[in-house]
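Raw contents of upload-v4.cif, mmCIF, C-alpha atoms:
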```
data_coords
#
loop_
_atom_site.label_atom_id
_atom_site.label_comp_id
_atom_site.auth_asym_id
_atom_site.auth_seq_id
_atom_site.Cartn_x
_atom_site.Cartn_y
_atom_site.Cartn_z
CA MET A 81 -0.99 -34.19 -3.39
CA GLU A 82 -2.14 -35.92 -6.56
CA GLU A 83 -3.81 -33.85 -9.28
CA LYS A 84 -7.17 -35.56 -8.73
CA GLU A 85 -7.23 -34.58 -5.08
CA ILE A 86 -6.14 -31.04 -5.96
CA LEU A 87 -9.05 -30.72 -8.39
CA ASP A 88 -11.52 -32.26 -5.92
CA ARG A 89 -10.48 -29.77 -3.25
CA LEU A 90 -10.64 -26.88 -5.70
CA ARG A 91 -14.15 -27.83 -6.76
CA ARG A 92 -15.21 -27.88 -3.12
CA GLY A 93 -13.81 -24.38 -2.73
CA ASP A 94 -11.08 -25.57 -0.38
CA PRO A 95 -8.11 -23.14 -0.36
CA VAL A 96 -5.83 -26.06 0.53
CA GLY A 97 -6.43 -27.25 -3.03
CA LEU A 98 -5.28 -23.89 -4.36
CA GLU A 99 -2.15 -23.99 -2.19
CA ALA A 100 -1.36 -27.43 -3.55
CA LEU A 101 -1.94 -26.19 -7.11
CA ILE A 102 0.49 -23.33 -6.50
CA ASP A 103 3.08 -25.68 -4.98
CA ARG A 104 2.89 -27.97 -7.95
CA TYR A 105 2.70 -25.54 -10.84
CA ALA A 106 4.28 -22.27 -9.69
CA PRO A 107 7.68 -23.12 -11.23
CA LEU A 108 6.05 -23.65 -14.64
CA VAL A 109 3.88 -20.53 -14.45
CA CYS A 110 6.89 -18.50 -13.27
CA ALA A 111 8.97 -19.77 -16.17
CA VAL A 112 6.31 -18.91 -18.77
CA ALA A 113 5.85 -15.42 -17.31
CA ALA A 114 9.61 -14.92 -17.28
CA ARG A 115 9.97 -16.02 -20.88
CA VAL A 116 7.48 -13.37 -22.08
CA LEU A 117 8.28 -10.63 -19.56
CA ALA A 118 12.03 -11.17 -19.31
CA GLY A 119 13.65 -9.02 -16.65
CA ARG A 120 10.35 -7.53 -15.42
CA ARG A 121 10.08 -9.20 -12.07
CA GLU A 122 7.23 -7.17 -10.59
CA GLU A 123 5.06 -7.76 -13.65
CA GLN A 124 5.92 -11.44 -13.60
CA GLU A 125 4.66 -11.60 -10.01
CA GLU A 126 1.41 -9.91 -11.01
CA ILE A 127 0.90 -12.34 -13.87
CA ILE A 128 1.62 -15.35 -11.65
CA SER A 129 -0.90 -14.09 -9.12
CA ASP A 130 -3.44 -13.43 -11.91
CA VAL A 131 -3.04 -16.96 -13.26
CA PHE A 132 -3.69 -18.75 -9.98
CA LEU A 133 -6.58 -16.48 -9.08
CA ALA A 134 -8.03 -17.21 -12.54
CA ALA A 135 -7.61 -20.92 -11.82
CA TRP A 136 -9.49 -20.44 -8.55
CA LYS A 137 -12.27 -18.45 -10.23
CA ASP A 138 -12.63 -21.00 -13.06
CA ARG A 139 -11.76 -24.03 -10.94
CA LYS A 140 -14.83 -25.94 -12.05
CA LYS A 141 -13.58 -25.81 -15.64
CA LEU A 142 -10.23 -27.46 -14.86
CA ARG A 143 -9.99 -31.00 -16.18
CA PRO A 144 -7.62 -33.83 -15.11
CA GLY A 145 -4.62 -34.08 -17.41
CA GLN A 146 -5.21 -30.59 -18.81
CA VAL A 147 -4.29 -28.45 -15.83
CA LYS A 148 -0.66 -27.91 -16.83
CA GLY A 149 -1.61 -26.83 -20.35
CA TRP A 150 -4.39 -24.56 -19.07
CA LEU A 151 -2.10 -22.79 -16.61
CA ALA A 152 0.72 -22.38 -19.13
CA THR A 153 -1.66 -21.01 -21.78
CA VAL A 154 -3.32 -18.56 -19.39
CA ALA A 155 0.12 -17.40 -18.20
CA ARG A 156 1.29 -16.79 -21.77
CA ASN A 157 -1.89 -14.99 -22.78
CA ARG A 158 -1.94 -12.74 -19.72
CA ALA A 159 1.73 -11.86 -20.14
CA ILE A 160 1.40 -11.10 -23.86
CA ASN A 161 -1.75 -9.06 -23.25
CA ARG A 162 0.11 -7.09 -20.59
CA LEU A 163 2.56 -6.00 -23.25
CA ARG A 164 -0.22 -5.22 -25.70
CA ASP A 165 -2.26 -3.29 -23.10
CA ARG A 166 0.69 -1.07 -22.51
CA TRP A 167 0.91 -0.43 -26.22
CA GLU A 168 4.27 -2.05 -26.31
CA GLU A 169 5.59 -3.22 -29.59
CA LEU A 170 6.36 -6.89 -29.47
CA PRO A 171 9.95 -7.24 -30.78
CA LEU A 172 8.91 -9.48 -33.64
CA GLU A 173 10.38 -10.09 -37.07
CA GLU A 174 7.95 -9.40 -39.89
CA ASP A 175 4.94 -10.10 -37.70
CA ALA A 176 2.50 -8.89 -40.35
CA LEU A 177 1.56 -11.03 -43.34
CA LEU A 178 0.20 -8.59 -45.88
CA LEU A 179 -2.97 -9.69 -47.64
CA SER A 180 -3.72 -8.93 -51.27
CA PRO A 181 -6.00 -5.88 -51.47
CA ASP A 182 -8.10 -7.66 -54.13
CA ALA A 183 -8.58 -10.81 -52.11
CA PRO A 184 -12.01 -11.59 -50.64
CA HIS A 185 -12.33 -11.24 -46.88
CA VAL A 186 -11.65 -14.56 -45.15
CA GLU A 187 -12.33 -15.14 -41.49
CA ALA A 188 -11.52 -18.60 -40.20
CA GLU A 189 -13.11 -19.82 -36.95
CA GLN A 190 -10.94 -20.11 -33.88
CA GLY A 191 -10.95 -23.89 -33.98
CA GLU A 192 -10.09 -23.92 -37.68
CA LEU A 193 -7.22 -21.49 -37.10
CA ARG A 194 -5.86 -23.65 -34.31
CA GLU A 195 -5.94 -26.62 -36.64
CA ILE A 196 -4.24 -24.73 -39.47
CA LEU A 197 -1.53 -23.55 -37.11
CA ALA A 198 -1.00 -27.01 -35.69
CA ARG A 199 -0.70 -28.51 -39.19
CA ALA A 200 1.61 -25.76 -40.42
CA LEU A 201 3.86 -26.00 -37.39
CA SER A 202 3.91 -29.79 -37.31
CA SER A 203 5.20 -29.78 -40.88
CA LEU A 204 8.31 -27.91 -39.75
CA GLU A 205 11.48 -29.51 -38.42
CA LYS A 206 11.52 -29.44 -34.66
CA ALA A 207 14.16 -26.70 -34.39
CA ASP A 208 12.25 -24.49 -36.86
CA ARG A 209 9.05 -25.08 -34.95
CA GLU A 210 10.64 -24.30 -31.60
CA LEU A 211 12.10 -21.08 -32.93
CA PHE A 212 8.76 -20.06 -34.43
CA VAL A 213 6.92 -20.74 -31.15
CA ARG A 214 9.51 -18.97 -29.02
CA HIS A 215 9.34 -15.91 -31.25
CA TYR A 216 5.71 -15.58 -32.31
CA TYR A 217 3.98 -17.29 -29.39
CA TYR A 218 6.17 -16.27 -26.46
CA GLY A 219 7.39 -12.99 -27.97
CA GLN A 220 11.07 -13.74 -27.46
CA THR A 221 13.47 -11.75 -29.63
CA VAL A 222 15.14 -13.75 -32.39
CA ALA A 223 18.50 -13.06 -30.77
CA ARG A 224 17.45 -14.40 -27.39
CA ALA A 225 15.69 -17.44 -28.83
CA ALA A 226 18.71 -18.22 -30.99
CA GLU A 227 21.06 -17.85 -28.03
CA GLU A 228 18.98 -20.16 -25.83
CA MET A 229 18.74 -22.71 -28.63
CA GLY A 230 22.49 -22.53 -29.40
CA MET A 231 21.89 -21.26 -32.92
CA ASN A 232 23.56 -18.35 -34.74
CA LEU A 233 21.40 -15.34 -35.49
CA SER A 234 21.60 -15.54 -39.28
CA THR A 235 20.53 -19.19 -39.24
CA ALA A 236 17.69 -18.36 -36.89
CA LYS A 237 16.34 -15.65 -39.20
CA THR A 238 16.49 -18.02 -42.17
CA ARG A 239 14.61 -20.69 -40.23
CA LEU A 240 12.01 -18.18 -39.13
CA ARG A 241 11.42 -17.10 -42.71
CA ARG A 242 10.91 -20.76 -43.62
CA GLY A 243 8.34 -21.02 -40.86
CA ARG A 244 6.45 -18.00 -42.16
CA GLU A 245 6.36 -19.44 -45.70
CA HIS A 246 4.98 -22.73 -44.39
CA LEU A 247 2.28 -20.90 -42.49
CA LYS A 248 1.30 -18.92 -45.58
CA ASP A 249 1.03 -22.12 -47.62
CA TYR A 250 -1.48 -23.51 -45.14
CA LEU A 251 -3.42 -20.25 -44.93
CA ARG A 252 -3.68 -20.17 -48.74
CA GLU A 253 -5.45 -23.55 -48.57
CA VAL A 254 -8.35 -21.91 -46.72
CA GLY A 255 -8.57 -18.95 -49.04
CA TYR A 256 -6.13 -16.35 -47.82
CA GLU A 257 -4.23 -14.51 -50.57
CA PHE A 258 -1.08 -12.55 -49.85
CA ALA A 259 0.14 -9.30 -51.32
CA GLU A 260 3.09 -10.83 -53.12
CA ASP A 261 1.03 -13.74 -54.63
CA MET B 75 -4.49 2.72 -49.56
CA SER B 76 -4.22 0.70 -46.36
CA LEU B 77 -3.21 -2.95 -46.64
CA ARG B 78 -5.01 -5.71 -44.81
CA LYS B 79 -2.78 -7.95 -42.81
CA ILE B 80 -2.59 -10.86 -40.43
CA ASP B 81 -0.34 -10.47 -37.41
CA ILE B 82 1.30 -13.82 -36.82
CA SER B 83 1.52 -13.14 -33.09
CA ARG B 84 -2.26 -12.54 -32.98
CA LEU B 85 -2.82 -15.69 -34.99
CA MET B 86 -0.74 -17.54 -32.42
CA ASP B 87 -3.24 -16.54 -29.72
CA ALA B 88 -5.23 -19.53 -31.02
CA TYR B 89 -2.25 -21.84 -30.40
CA GLU B 90 -1.49 -23.89 -27.30
CA ASP B 91 2.11 -24.88 -26.70
CA LEU B 92 2.82 -28.04 -24.73
CA GLU B 93 5.97 -29.03 -26.61
CA PHE B 94 8.35 -26.16 -25.83
CA LEU B 95 7.34 -25.11 -22.35
CA PRO B 96 10.23 -23.40 -20.60
CA GLU B 97 12.26 -25.18 -17.98
CA GLU B 98 10.61 -24.72 -14.61
CA ASP B 99 12.24 -21.93 -12.70
CA VAL B 100 11.24 -19.50 -9.97
CA GLN B 101 12.88 -16.09 -10.19
CA VAL B 102 10.38 -14.16 -8.06
CA ASP B 103 9.49 -14.04 -4.37
CA MET B 104 7.05 -16.90 -4.63
CA GLU B 105 6.31 -17.02 -0.90
CA ARG B 106 5.05 -13.45 -0.99
CA VAL B 107 3.05 -14.05 -4.16
CA ARG B 108 1.56 -17.18 -2.64
CA ARG B 109 0.53 -15.32 0.54
CA GLU B 110 -1.17 -12.62 -1.54
CA ILE B 111 -3.08 -15.19 -3.57
CA ILE B 112 -4.29 -17.12 -0.54
CA ASN B 113 -5.16 -13.95 1.36
CA SER B 114 -7.20 -12.73 -1.62
CA VAL B 115 -9.10 -15.99 -1.79
CA LYS B 116 -9.71 -16.05 1.95
CA GLY B 117 -11.17 -12.59 1.78
CA LYS B 118 -8.49 -10.51 3.43
CA ARG B 119 -8.18 -6.87 2.36
CA ARG B 120 -7.49 -6.69 -1.34
CA THR B 121 -5.30 -4.20 -3.10
CA ALA B 122 -6.73 -2.22 -5.96
CA ARG B 123 -4.89 -4.47 -8.40
CA ARG B 124 -6.50 -7.54 -6.83
CA THR B 125 -9.88 -5.86 -7.26
CA ALA B 126 -9.26 -5.82 -10.99
CA LEU B 127 -8.39 -9.52 -10.90
CA VAL B 128 -11.68 -10.61 -9.44
CA ALA B 129 -13.62 -8.47 -11.87
CA ALA B 130 -15.43 -10.46 -14.49
CA ALA B 131 -15.63 -9.11 -18.02
CA LEU B 132 -19.20 -8.77 -19.17
CA ALA B 133 -20.06 -9.31 -22.80
CA ALA B 134 -22.72 -6.62 -22.64
CA CYS B 135 -21.36 -3.12 -22.87
CA LEU B 136 -22.87 -0.26 -20.99
CA ALA B 137 -24.99 1.62 -23.48
CA LEU B 138 -25.65 5.31 -23.43
CA ALA B 139 -29.42 5.03 -23.33
CA GLY B 140 -30.27 8.61 -24.04
CA TRP B 141 -28.88 11.97 -24.80
CA THR B 142 -30.40 15.38 -24.84
CA TYR B 143 -28.66 18.71 -24.69
CA GLY B 144 -26.60 18.78 -21.49
CA GLU B 145 -27.86 15.40 -20.30
CA GLN B 146 -26.61 11.83 -20.56
CA ILE B 147 -28.63 8.85 -19.43
CA TYR B 148 -27.02 5.48 -18.69
CA ARG B 149 -29.18 2.39 -18.33
CA LEU B 150 -27.40 -0.04 -16.08
CA ILE B 151 -27.63 -3.80 -15.99
CA SER B 152 -29.93 -3.81 -12.96
CA GLY B 153 -32.41 -1.68 -14.87
CA GLN B 154 -31.71 1.51 -12.95
CA THR B 155 -30.84 4.67 -14.83
CA VAL B 156 -28.14 7.16 -13.96
CA THR B 157 -28.61 10.63 -15.44
CA VAL B 158 -25.80 13.16 -15.60
CA GLY B 159 -26.63 16.82 -16.13
CA GLY B 160 -30.06 17.78 -17.48
CA ASP B 161 -32.54 19.91 -15.56
CA SER B 162 -30.62 19.46 -12.32
CA GLY B 163 -27.62 21.20 -13.82
CA MET B 164 -24.35 20.25 -15.45
CA GLY B 165 -22.39 17.67 -13.46
CA SER B 166 -25.33 16.64 -11.32
CA VAL B 167 -26.16 12.96 -11.09
CA THR B 168 -29.60 11.54 -10.47
CA VAL B 169 -30.48 7.89 -10.10
CA GLU B 170 -33.72 6.12 -10.84
CA MET B 171 -33.57 2.97 -8.77
CA SER B 172 -34.32 -0.60 -9.75
CA ASP B 173 -35.44 -3.63 -7.79
CA GLY B 174 -32.68 -5.66 -9.42
CA LEU B 175 -35.04 -7.80 -11.47
CA ASN B 176 -35.06 -7.94 -15.26
CA GLU B 177 -38.07 -7.70 -17.56
CA ASN B 178 -38.85 -11.37 -16.93
CA GLY B 179 -38.88 -10.85 -13.18
CA ASP B 180 -35.64 -12.78 -12.75
CA PRO B 181 -32.64 -11.47 -10.79
CA ALA B 182 -30.44 -9.25 -12.94
CA ILE B 183 -27.43 -9.02 -10.63
CA ILE B 184 -27.34 -11.75 -7.96
CA ALA B 185 -29.45 -14.88 -7.63
CA LEU B 186 -29.89 -17.51 -4.94
CA GLU B 187 -30.28 -20.97 -6.44
CA GLU B 188 -30.36 -24.16 -4.38
CA GLY B 189 -28.43 -22.55 -1.57
CA ARG B 190 -25.71 -21.07 -3.82
CA LEU B 191 -25.21 -17.41 -4.73
CA TRP B 192 -24.64 -16.62 -8.41
CA PHE B 193 -23.42 -13.42 -10.00
CA VAL B 194 -25.66 -13.23 -13.07
CA ALA B 195 -25.14 -9.71 -14.46
CA GLY B 196 -25.13 -9.47 -18.25
CA GLU B 197 -24.15 -12.81 -19.73
CA GLU B 198 -22.08 -13.84 -16.72
CA ARG B 199 -22.84 -16.71 -14.42
CA VAL B 200 -20.31 -17.04 -11.59
CA ASP B 201 -20.81 -19.02 -8.40
CA VAL B 202 -19.70 -16.47 -5.80
CA THR B 203 -20.91 -18.39 -2.73
CA ASP B 204 -17.37 -19.14 -1.55
CA LEU B 205 -16.02 -15.77 -2.64
CA VAL B 206 -18.26 -13.55 -0.53
CA ASP B 207 -19.48 -13.30 3.03
CA GLU B 208 -20.73 -10.65 5.47
CA GLU B 209 -17.46 -8.75 5.13
CA THR B 210 -16.14 -9.77 1.72
CA PRO B 211 -17.46 -8.41 -1.57
CA TYR B 212 -17.22 -9.69 -5.12
CA ILE B 213 -16.61 -6.76 -7.41
CA TRP B 214 -17.01 -6.34 -11.12
CA THR B 215 -15.75 -3.20 -12.86
CA GLN B 216 -15.54 -1.95 -16.40
CA ARG B 217 -13.90 1.22 -17.68
CA GLN B 218 -15.90 3.04 -20.33
CA GLU B 219 -14.40 4.80 -23.32
CA ASP B 220 -15.23 8.19 -21.82
CA GLY B 221 -13.16 7.40 -18.72
CA SER B 222 -16.09 6.65 -16.45
CA LEU B 223 -16.17 3.50 -14.32
CA HIS B 224 -19.13 1.14 -14.18
CA TYR B 225 -19.07 -1.19 -11.17
CA ILE B 226 -21.13 -3.79 -9.35
CA ILE B 227 -20.58 -4.95 -5.77
CA VAL B 228 -22.26 -8.04 -4.36
CA GLY B 229 -21.82 -9.66 -0.97
CA GLY B 230 -23.33 -11.48 1.97
CA THR B 231 -24.39 -15.05 2.53
CA PRO B 232 -27.18 -17.21 1.11
CA GLU B 233 -29.15 -16.21 4.20
CA ASP B 234 -28.77 -12.48 3.59
CA TYR B 235 -27.15 -11.06 0.48
CA GLY B 236 -27.25 -7.84 -1.51
CA TRP B 237 -25.91 -5.84 -4.45
CA PHE B 238 -25.02 -2.33 -5.50
CA GLU B 239 -24.46 -1.03 -9.03
CA GLY B 240 -23.02 2.38 -9.77
CA MET B 241 -20.94 4.63 -11.94
CA LYS B 242 -18.11 7.06 -11.32
CA PHE B 243 -17.44 9.84 -13.80
CA PRO B 244 -14.19 11.60 -14.71
CA ASP B 245 -15.22 14.76 -12.87
CA GLY B 246 -15.43 12.75 -9.66
CA SER B 247 -19.22 12.60 -9.50
CA GLY B 248 -21.08 9.35 -9.47
CA GLY B 249 -24.17 7.52 -8.43
CA GLY B 250 -25.86 4.20 -8.16
CA SER B 251 -28.20 2.13 -6.11
CA GLY B 252 -28.82 -1.37 -4.91
CA THR B 253 -30.46 -3.63 -2.41
CA PRO B 254 -28.29 -4.23 0.67
CA HIS B 255 -30.27 -7.11 2.18
CA SER B 256 -32.36 -9.98 0.87
CA ARG B 257 -33.93 -10.71 4.25
CA THR B 258 -37.36 -9.25 4.64
CA ASP B 259 -37.66 -9.69 8.41
CA LEU B 260 -35.13 -7.02 9.34
CA SER B 261 -36.16 -3.93 11.23
CA GLN B 262 -36.00 -0.63 9.37
CA ALA B 263 -32.82 0.33 11.22
CA GLU B 264 -31.21 -2.97 10.26
CA GLN B 265 -32.34 -2.59 6.66
CA LEU B 266 -30.74 0.85 6.44
CA LYS B 267 -27.45 -0.24 8.03
CA GLU B 268 -24.72 -0.44 5.41
CA PRO B 269 -23.38 -4.03 5.24
CA ASP B 270 -19.66 -4.51 5.86
CA TRP B 271 -19.23 -6.16 2.44
CA TYR B 272 -20.61 -3.03 0.84
CA THR B 273 -18.26 -0.74 2.79
CA ALA B 274 -15.29 -2.89 1.82
CA GLY B 275 -16.43 -2.96 -1.79
CA ARG B 276 -16.78 0.81 -2.02
CA GLU B 277 -13.28 1.24 -0.58
CA GLN B 278 -11.84 -1.07 -3.19
CA VAL B 279 -13.69 0.67 -6.00
CA GLU B 280 -12.30 3.99 -4.74
CA GLU B 281 -8.77 2.53 -4.73
CA LEU B 282 -9.23 1.28 -8.26
CA TRP B 283 -10.62 4.62 -9.38
CA GLU B 284 -7.71 6.54 -7.84
CA ASN B 285 -5.16 4.23 -9.43
#
```

Can you give me the file's structure in the form of structure tokens?
Amino acid sequence: MEEKEILDRLRRGDPVGLEALIDRYAPLVCAVAARVLAGRREEQEEIISDVFLAAWKDRKKLRPGQVKGWLATVARNRAINRLRDRWEELPLEEDALLLSPDAPHVEAEQGELREILARALSSLEKADRELFVRHYYYGQTVARAAEEMGMNLSTAKTRLRRGREHLKDYLREVGYEFAED
Amino acid sequence: MSLRKIDISRLMDAYEDLEFLPEEDVQVDMERVRREIINSVKGKRRTARRTALVAAALAACLALAGWTYGEQIYRLISGQTVTVGGDSGMGSVTVEMSDGLNENGDPAIIALEEGRLWFVAGEERVDVTDLVDEETPYIWTQRQEDGSLHYIIVGGTPEDYGWFEGMKFPDGSGGGSGTPHSRTDLSQAEQLKEPDWYTAGREQVEELWEN
């Protein structure tokens, strides 16, 4: 079934549309859930179920050409929040960027932050960007991300540090000041 | 002195990745997951976990509207108040009912508009027409910091619909009220009969509470 027909059926509240959505996008949603919640099959199943039920609930918000991105983003967010809700430490390298105690409080809008992130990440080489996204967006350990990308661990850590410095450069442009500045 | 910080992972919540999506792969029992999803949508019996999934998060928090020695008063979204303790004794719960309309006279919980049913509690606006029927509820729940559970159950059809709002407290007590039917031509016996959607909703709230 084409995406347009899937969306039309969803908007009409036709469960056949939801079944078609599941058929088409379950492999992607499964893969995103598995990347964040590696080895936790029962939780992956809960997240997958959550995502498609969220798509059903918000079906009138789904737009042609954006369905894949919407589903993948919701899957990532739900999986990461599952870890956070259970007070689990995400296994992340130097997740915290320390701000200067003397710096004025800066609070960028969500849209502005998205833009800063996009610019910072787009300025990285593709491999650096992929590593950064796998680690800080999907919560993969550096070791696992490096292994899947065919990179040695030491190189991966160096590349990740480069990614953090790039991000800080872009955040400084909008007024953030860091402790070591 | 505590240092302010930005967590990169939290910052990345604002990001959307379309470039490095993982290779499509199914490692779970997708047939079972699929059946559960479709059964939930078609209104079959939900598990407690599924109850949490259909719950909408309201922007408005339940406010403790009053406090005197030994008494706590909660003002709910429908306008009713639930009082715990007070003159009736510690642990007792009394409810002052509401007609489900807000100060403007508009529906505060469920509204019928152009043949569609809308869940309108707080700042929510959800078309629940296809999610509810005579036997199937739509349930919203919210855990409070003190461990109590605030919940709303709506159900029925555009021809006859209703709502119930209540609270459950850590000591097991609770209370609430609602309007089970919108039809005004029912006999008194019919008016007092508990709708099936309400029975199903209370069971699911109990499951959620116990879990």

Do me a favour and pick out the residues of chain A within 8 Å of chain B, using all atoms listed in the file, as an MDAnalysis selection string.
chainID A and resid 93 95 98:99 102 106:112 114:115 121 124:125 128:130 132:134 137 149 152:153 157 175:181 190:191 193:194 197:198 210 213:214 216:217 219

What separation in Å, quoted to one decimal, exists between CA of Leu101 (chain A) and CA of Glu85 (chain A)?
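These atoms are spaced 10.1 Å apart.
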
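For the file at hand, the PyMOL selection byres ((chain A and resi 220) around 10) resolves to Arg115, Val116, Leu117, Ala118, Leu170, Pro171, Leu172, Leu211, Phe212, Val213, Arg214, His215, Tyr216, Tyr217, Tyr218, Gly219, Thr221, Val222, Ala223, Arg224, Ala225 and Ala226 of chain A.
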
Can you give me, as a CSV table (one decimal) with C-alpha atoms, in the coordinates of the input, the residues this file yields under the PyMOL selection byres ((chain A and resi 81) around 10)?
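Output file out14.csv follows:
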```csv
chain,number,residue,atom,x,y,z
A,82,GLU,CA,-2.1,-35.9,-6.6
A,83,GLU,CA,-3.8,-33.8,-9.3
A,84,LYS,CA,-7.2,-35.6,-8.7
A,85,GLU,CA,-7.2,-34.6,-5.1
A,86,ILE,CA,-6.1,-31.0,-6.0
A,97,GLY,CA,-6.4,-27.2,-3.0
A,100,ALA,CA,-1.4,-27.4,-3.6
A,101,LEU,CA,-1.9,-26.2,-7.1
A,103,ASP,CA,3.1,-25.7,-5.0
A,104,ARG,CA,2.9,-28.0,-8.0
```

Env of Thr258 (chain B): 12 Å cut, atoms = only C-alpha atoms, seq-sep filter 3 positions within chain, self excluded. Answer as JSON, numbers by chain.
{"B": [233, 234, 235, 236, 253, 254, 255, 261, 262, 264, 265]}

Which residues match the PyMOL selection byres ((chain B and resi 153) around 7) in the file above, as an mmCIF file with C-alpha atoms, in the frame of the given file?
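File part_20.cif, as written:
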```cif
data_model
loop_
_atom_site.group_PDB
_atom_site.id
_atom_site.type_symbol
_atom_site.label_atom_id
_atom_site.label_comp_id
_atom_site.auth_asym_id
_atom_site.auth_seq_id
_atom_site.Cartn_x
_atom_site.Cartn_y
_atom_site.Cartn_z
ATOM 1 C CA ARG B 149 -29.180 2.390 -18.330
ATOM 2 C CA LEU B 150 -27.400 -0.040 -16.080
ATOM 3 C CA ILE B 151 -27.630 -3.800 -15.990
ATOM 4 C CA SER B 152 -29.930 -3.810 -12.960
ATOM 5 C CA GLN B 154 -31.710 1.510 -12.950
ATOM 6 C CA THR B 155 -30.840 4.670 -14.830
ATOM 7 C CA SER B 172 -34.320 -0.600 -9.750
ATOM 8 C CA GLY B 174 -32.680 -5.660 -9.420
ATOM 9 C CA ASN B 176 -35.060 -7.940 -15.260
#
```

What does the structure give for the distance between CA of Thr273 (chain B) and CA of Ser256 (chain B), in Å to one decimal?
17.0 Å

Between CA of Glu126 (chain A) and CA of Leu142 (chain A), what is the distance in Å, rounded to a tenth?
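One can read the CA of Glu126 (chain A) to CA of Leu142 (chain A) distance as 21.4 Å.
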